[in-house]
Structures are given as C-alpha cells and as structure tokens.
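J.: See work-v4.txt below, with compact mmCIF, C-alpha atoms and all ligand atoms.
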# COMPACT_ATOMS: atom_id res chain seq x y z
CA MET R 1 0.00 0.00 0.00
CA ARG R 2 1.30 3.44 -0.90
CA ARG R 3 1.81 6.01 1.79
CA PRO R 4 -0.54 8.96 1.77
CA VAL R 5 0.50 11.64 -0.67
CA LEU R 6 0.88 14.19 2.12
CA ASP R 7 3.42 12.00 3.89
CA ARG R 8 5.42 11.40 0.78
CA PHE R 9 5.35 15.08 -0.01
CA ASN R 10 6.45 16.08 3.45
CA ASP R 11 9.51 13.86 3.25
CA LEU R 12 10.86 16.03 0.49
CA TRP R 13 11.30 19.50 1.89
CA ALA R 14 13.42 21.12 4.57
CA LEU R 15 12.70 24.29 6.47
CA HIS R 16 14.99 27.21 5.66
CA PRO R 17 14.79 29.10 8.97
CA PRO R 18 15.85 32.60 7.80
CA THR R 19 12.99 32.79 5.30
CA GLY R 20 10.49 30.23 6.50
CA CYS R 21 10.71 28.68 3.07
CA TRP R 22 10.24 24.98 2.70
CA LEU R 23 12.91 24.15 0.22
CA TRP R 24 12.31 21.13 -1.91
CA THR R 25 14.97 18.49 -1.42
CA GLY R 26 13.79 16.31 -4.27
CA ALA R 27 14.69 16.74 -7.89
CA THR R 28 14.52 20.12 -9.57
CA ASP R 29 14.04 21.09 -13.16
CA ARG R 30 16.54 23.11 -15.14
CA TYR R 31 14.94 26.36 -13.98
CA GLY R 32 15.36 25.42 -10.34
CA TYR R 33 11.75 24.56 -9.60
CA GLY R 34 11.10 21.47 -7.53
CA MET R 35 9.71 18.47 -9.31
CA LYS R 36 7.29 15.99 -7.87
CA THR R 37 6.61 12.63 -9.33
CA ALA R 38 2.88 12.11 -9.38
CA TYR R 39 1.05 8.85 -9.01
CA ASP R 40 2.20 7.89 -12.44
CA PRO R 41 6.02 7.81 -12.26
CA LYS R 42 6.25 9.09 -15.80
CA ARG R 43 4.23 12.13 -14.94
CA VAL R 44 6.31 14.79 -13.27
CA ARG R 45 4.84 18.00 -11.93
CA SER R 46 6.13 21.17 -10.34
CA ALA R 47 6.43 20.62 -6.60
CA HIS R 48 5.04 24.03 -5.76
CA ARG R 49 1.94 23.38 -7.83
CA VAL R 50 1.45 20.09 -6.03
CA ALA R 51 1.87 21.96 -2.73
CA HIS R 52 -0.83 24.38 -3.75
CA GLU R 53 -3.21 21.56 -4.54
CA LEU R 54 -2.41 19.66 -1.36
CA PHE R 55 -2.63 22.52 1.09
CA ILE R 56 -4.64 25.30 -0.51
CA GLY R 57 -6.78 23.89 -3.24
CA ASP R 58 -7.16 23.44 -6.95
CA ILE R 59 -5.41 25.80 -9.30
CA ALA R 60 -7.76 27.63 -11.62
CA SER R 61 -7.15 26.75 -15.22
CA GLY R 62 -4.72 29.05 -16.95
CA LEU R 63 -3.23 30.38 -13.73
CA ASP R 64 0.27 29.90 -12.45
CA VAL R 65 1.30 29.30 -8.88
CA LEU R 66 3.52 32.19 -7.87
CA HIS R 67 6.03 32.54 -5.07
CA SER R 68 5.82 35.55 -2.77
CA CYS R 69 9.15 34.74 -1.15
CA ASP R 70 11.52 35.73 -3.95
CA ARG R 71 12.35 38.98 -2.17
CA LEU R 72 13.48 37.09 0.92
CA PHE R 73 16.53 35.95 -0.98
CA GLN R 74 19.36 37.98 -2.37
CA ARG R 75 19.01 39.16 -5.92
CA GLY R 76 20.07 36.40 -8.25
CA ASP R 77 19.50 33.66 -5.69
CA LEU R 78 16.72 31.56 -7.15
CA SER R 79 16.46 29.18 -4.21
CA ASN R 80 12.92 30.32 -3.57
CA ARG R 81 11.84 28.51 -6.70
CA ARG R 82 12.26 25.35 -4.67
CA CYS R 83 9.91 26.66 -2.00
CA VAL R 84 6.77 24.64 -1.37
CA ASN R 85 5.55 26.50 1.72
CA PRO R 86 1.86 27.08 0.99
CA SER R 87 1.91 30.38 2.83
CA HIS R 88 4.40 31.61 0.22
CA LEU R 89 2.29 30.47 -2.72
CA LYS R 90 -0.60 32.08 -4.50
CA GLN R 91 -2.35 31.76 -7.79
CA GLY R 92 -1.82 34.43 -10.36
CA THR R 93 -1.21 35.24 -13.96
CA ASN R 94 2.17 35.58 -15.53
CA VAL R 95 1.62 39.35 -15.62
CA GLU R 96 1.20 39.39 -11.86
CA ASN R 97 4.31 37.34 -11.56
CA VAL R 98 6.29 40.02 -13.33
CA SER R 99 4.70 42.93 -11.48
CA ASP R 100 5.43 41.11 -8.23
CA MET R 101 9.06 40.99 -9.10
CA VAL R 102 9.28 44.72 -9.66
CA GLY R 103 6.67 45.72 -7.10
CA LEU R 104 7.02 46.40 -3.44
CA SER R 105 3.93 44.71 -2.13
CA ARG R 106 3.91 44.24 1.57
CA GLN R 107 1.44 41.48 2.01
CA ALA R 108 3.79 39.17 3.84
CA ARG R 109 3.10 40.47 7.31
CA GLY R 110 4.14 37.35 9.12
CA ILE R 111 7.21 36.82 7.04
CA GLU R 112 8.56 40.29 7.52
CA CYS R 113 8.09 40.32 11.24
CA HIS R 114 10.99 38.27 12.43
CA SER R 115 9.45 37.58 15.80
CA ALA R 116 6.51 35.87 14.11
CA ARG R 117 7.61 32.34 13.56
CA MET R 118 4.37 31.20 12.03
CA THR R 119 2.17 32.77 9.41
CA ASP R 120 -1.53 32.53 8.69
CA GLY R 121 -0.69 29.96 6.08
CA THR R 122 1.48 27.79 8.26
CA VAL R 123 -1.03 27.92 11.09
CA ALA R 124 -3.77 26.76 8.76
CA LEU R 125 -1.47 24.08 7.47
CA ALA R 126 -0.43 22.94 10.93
CA ARG R 127 -4.09 22.51 11.81
CA THR R 128 -4.70 20.56 8.63
CA MET R 129 -1.71 18.32 9.26
CA PHE R 130 -2.74 17.79 12.85
CA ALA R 131 -6.22 16.80 11.72
CA ALA R 132 -4.53 14.36 9.33
CA GLY R 133 -2.76 12.72 12.24
CA VAL R 134 0.62 14.44 12.45
CA ALA R 135 1.78 14.73 16.05
CA ARG R 136 2.24 18.11 17.71
CA SER R 137 5.88 17.31 18.41
CA GLU R 138 6.54 16.68 14.75
CA LEU R 139 4.71 19.85 13.76
CA ALA R 140 6.75 21.83 16.29
CA GLU R 141 9.91 20.53 14.70
CA ARG R 142 8.78 21.20 11.17
CA PHE R 143 7.68 24.75 11.88
CA SER R 144 10.61 25.47 14.20
CA VAL R 145 8.42 26.55 17.06
CA SER R 146 7.80 25.19 20.51
CA TRP R 147 5.36 22.41 21.25
CA ARG R 148 3.32 24.90 23.21
CA THR R 149 3.12 27.33 20.29
CA ILE R 150 1.80 24.54 18.08
CA ASP R 151 -0.59 23.35 20.72
CA ARG R 152 -2.08 26.78 21.24
CA ALA R 153 -2.35 27.44 17.51
CA ILE R 154 -4.06 24.11 16.91
CA ARG R 155 -6.57 24.68 19.66
CA GLY R 156 -7.31 28.15 18.35
CA GLU R 157 -6.08 29.82 21.49
CA THR R 158 -3.80 31.84 19.24
CA TRP R 159 -4.25 32.82 15.60
CA ARG R 160 -8.01 32.95 16.01
CA HIS R 161 -8.40 35.00 12.86
CA VAL R 162 -7.11 32.14 10.72
CA GLN R 163 -10.12 30.43 9.24
CA ASN R 164 -10.02 26.68 9.17
CA ASP R 165 -12.81 24.24 9.10
CA PRO R 166 -13.78 24.73 12.71
CA PRO R 167 -13.31 21.57 14.77
CA THR R 168 -16.53 22.29 16.60
CA LYS R 169 -19.36 24.61 15.91
CA SER R 170 -19.74 25.48 19.56
CA SER R 171 -17.36 28.41 19.45
CA GLN R 172 -19.41 29.98 16.68
CA SER R 173 -22.92 29.37 17.89
CA PRO R 174 -24.62 32.34 19.45
CA GLY R 175 -24.89 30.50 22.74
CA PRO R 176 -25.81 32.11 26.00
CA GLN R 177 -23.47 34.92 26.82
CA SER R 178 -22.53 35.70 30.34
CA PRO R 179 -24.06 39.04 31.21
CA ALA R 180 -21.81 42.03 31.32
CA PRO R 181 -20.99 43.11 34.84
ZN ZN R 201 9.20 30.48 0.35
Now, as a test, write the supplied structure out as structure tokens.
Ligand SMILES: [Zn+2]
T.:
Amino acid sequence: MRRPVLDRFNDLWALHPPTGCWLWTGATDRYGYGMKTAYDPKRVRSAHRVAHELFIGDIASGLDVLHSCDRLFQRGDLSNRRCVNPSHLKQGTNVENVSDMVGLSRQARGIECHSARMTDGTVALARTMFAAGVARSELAERFSVSWRTIDRAIRGETWRHVQNDPPTKSSQSPGPQSPAP
C-alpha cells in the first residue's frame, strides 16, 4: 500500500529558517523549480503546484502558482523557486508574476516580522496536518516553534483569525453569553 500523498510530499522538503521557506529536497528542473513525481512515475509535476493543490486547493485553469518569497533571498538567488511552503504560494497570472518581481507589495506580514515564527498559512497548514494525524511534536519541529506554540495554535487559542474548518461549531454558535458586569 502506498503512503498517503501528504506523507510522501512532506519527506521532500526542509525548512529554511531565515525565510520560513520549505525548500524542496527532491529533484529540480533546469529552472530550479522542484519536481514531484505524481502517481504515475512518468508524470512529473512542479512541486510548488502540487503543494498548492495539497494545502490550498485546486489551481484555476490558466493560472500559475507564484512565489511571494523571492524577495526574501538575495538578488540572483533563485532558491525560492524550490519553495513549497503554501503560505508563500498564490495563484496568479504571468503578468502578476512580473509585477510582483518589480513591485514592493507588503502582504507578507508574518514573514517580515521576524518575531513571528508562524504565518496565517502555516497555522492553517499545521491545523490541517494535525487533523490528518501528524503529532504536535513533529509539527513543532517542522515549523521550528515550541510544542506549546503549536498546541495553542491548533486549539485556536492563538491565531483565532485564521479560518479553518472549525473543529466544533460550539465556538461559533450564538450561545448564552454571560451578562456584562
Ligand atoms: Zn518560500
């Protein structure tokens, strides 16, 4: 029996602590993008596109998956092409890709704040992986944060604004409120 695709995928990247990038350790193509063998060994796909599908969702037809982490590396360093961190990926057109490269967008709040070790995307992912059976200790290691940080993020004690499929509806139901003093 084959291991779940998420497990096999997760064996093939390593955290790059300065950037938070998850650099693909598997094969790369001649442009430096990670390559992932799909179910059919003859069918090879871009690792970052596979990451998008695994962790974020389907890619709309005609769109590329773009990296937002290129500016975290020195000019000329194309390592970010190997990045498969879903919080660094987004769908876009080739035109956006180019304007991103010359633009100065500041959407990467969590990335730019060096004290923030997790981002909205990694929190959402950690919750997804936890739901899929990955232990907190392993998540802590993968995201380079403490067990307690992971635990609190998973339970929603922190990062409340990150929308996941809520584990219970109770926190969202308009249940009885304790009266204001
Ligand atoms: Zn990255």
J.: Give as a list of chain:residue names the residues surrounding ligand ZN 201 (chain R) up to a distance of 10 Å, considering all atoms listed in the file.
T.: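 Residues satisfying the distance criterion: R:Leu15, R:His16, R:Thr19, R:Gly20, R:Cys21, R:Trp22, R:Leu23, R:His48, R:His67, R:Ser68, R:Cys69, R:Asp70, R:Arg71, R:Leu72, R:Phe73, R:Ser79, R:Asn80, R:Arg81, R:Arg82, R:Cys83, R:Val84, R:Asn85, R:Pro86, R:Ser87, R:His88, R:Leu89, R:Ile111.
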J.: Pick out the residues sitting within 8 Å of range 148-157 of chain R, and hand them over as a PyMOL selection string; count all atoms listed in the file, and ignore anything fewer than 4 positions along from it in its own chain.
T.: chain R and resi 123+126-127+130+136+139-140
J.: Counting only C-alpha atoms, which of R:Glu53, R:Asp29, R:Asp64, R:Asp120 gets nearest to Val162 in chain R?
T.: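 Of all the options, R:Asp120 lies closest to Val162 in chain R.
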J.: Counting all atoms listed in the file, which of R:Gly32, R:Gly26, R:Gly57, R:Gly121 gets nearest to Ala14 in chain R?
T.: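 Comparing R:Gly32, R:Gly26, R:Gly57, R:Gly121 against Ala14 in chain R, the winner is R:Gly26.
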J.: Choose the residue, out of R:Thr119, R:Thr93, R:Gln74, R:Thr128, that has the smallest atom-to-atom separation from Leu6 in chain R; count only C-alpha atoms.
T.: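 Residue with the minimum atom-to-atom distance to Leu6 in chain R: R:Thr128.
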J.: Can you measure CA of Ile56 in chain R to CA of Met129 in chain R for me? One decimal in Å is fine.
T.: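 Interatomic distance here is 12.4 Å.
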J.: Report, in Å with one decimal, the straight-line distance from CA of Pro4 in chain R to CA of Gly62 in chain R.
T.: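 The value is 27.8 Å.
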J.: For a cutoff of 10 Å around the file-coordinate point (5.2, 19.6, -15.9), which residues qualify once you count all atoms listed in the file? I'd like the result as a ChimeraX atom specification.
T.: /R:29,35-37,43-47,49
J.: Quote the spacing between CA of Leu63 in chain R and CA of Asp11 in chain R in Å to one decimal place.
T.: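 CA of Asp11 in chain R lies 26.9 Å from CA of Leu63 in chain R.
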J.: So that I can check the surroundings of Ser137 in chain R, please list as a VMD selection string every protein, DNA and RNA residue that reaches within 9 Å of it, counting only C-alpha atoms and ignoring chain neighbours fewer than 4 positions away.
T.: chain R and resid 141 to 142 146 to 147 150
J.: Calculated over all atoms listed in the file, which of the candidates R:Phe143, R:Ala51, R:Leu78, R:Ser61 has the smallest distance to Arg30 in chain R?
T.: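 Of all the options, R:Leu78 lies closest to Arg30 in chain R.
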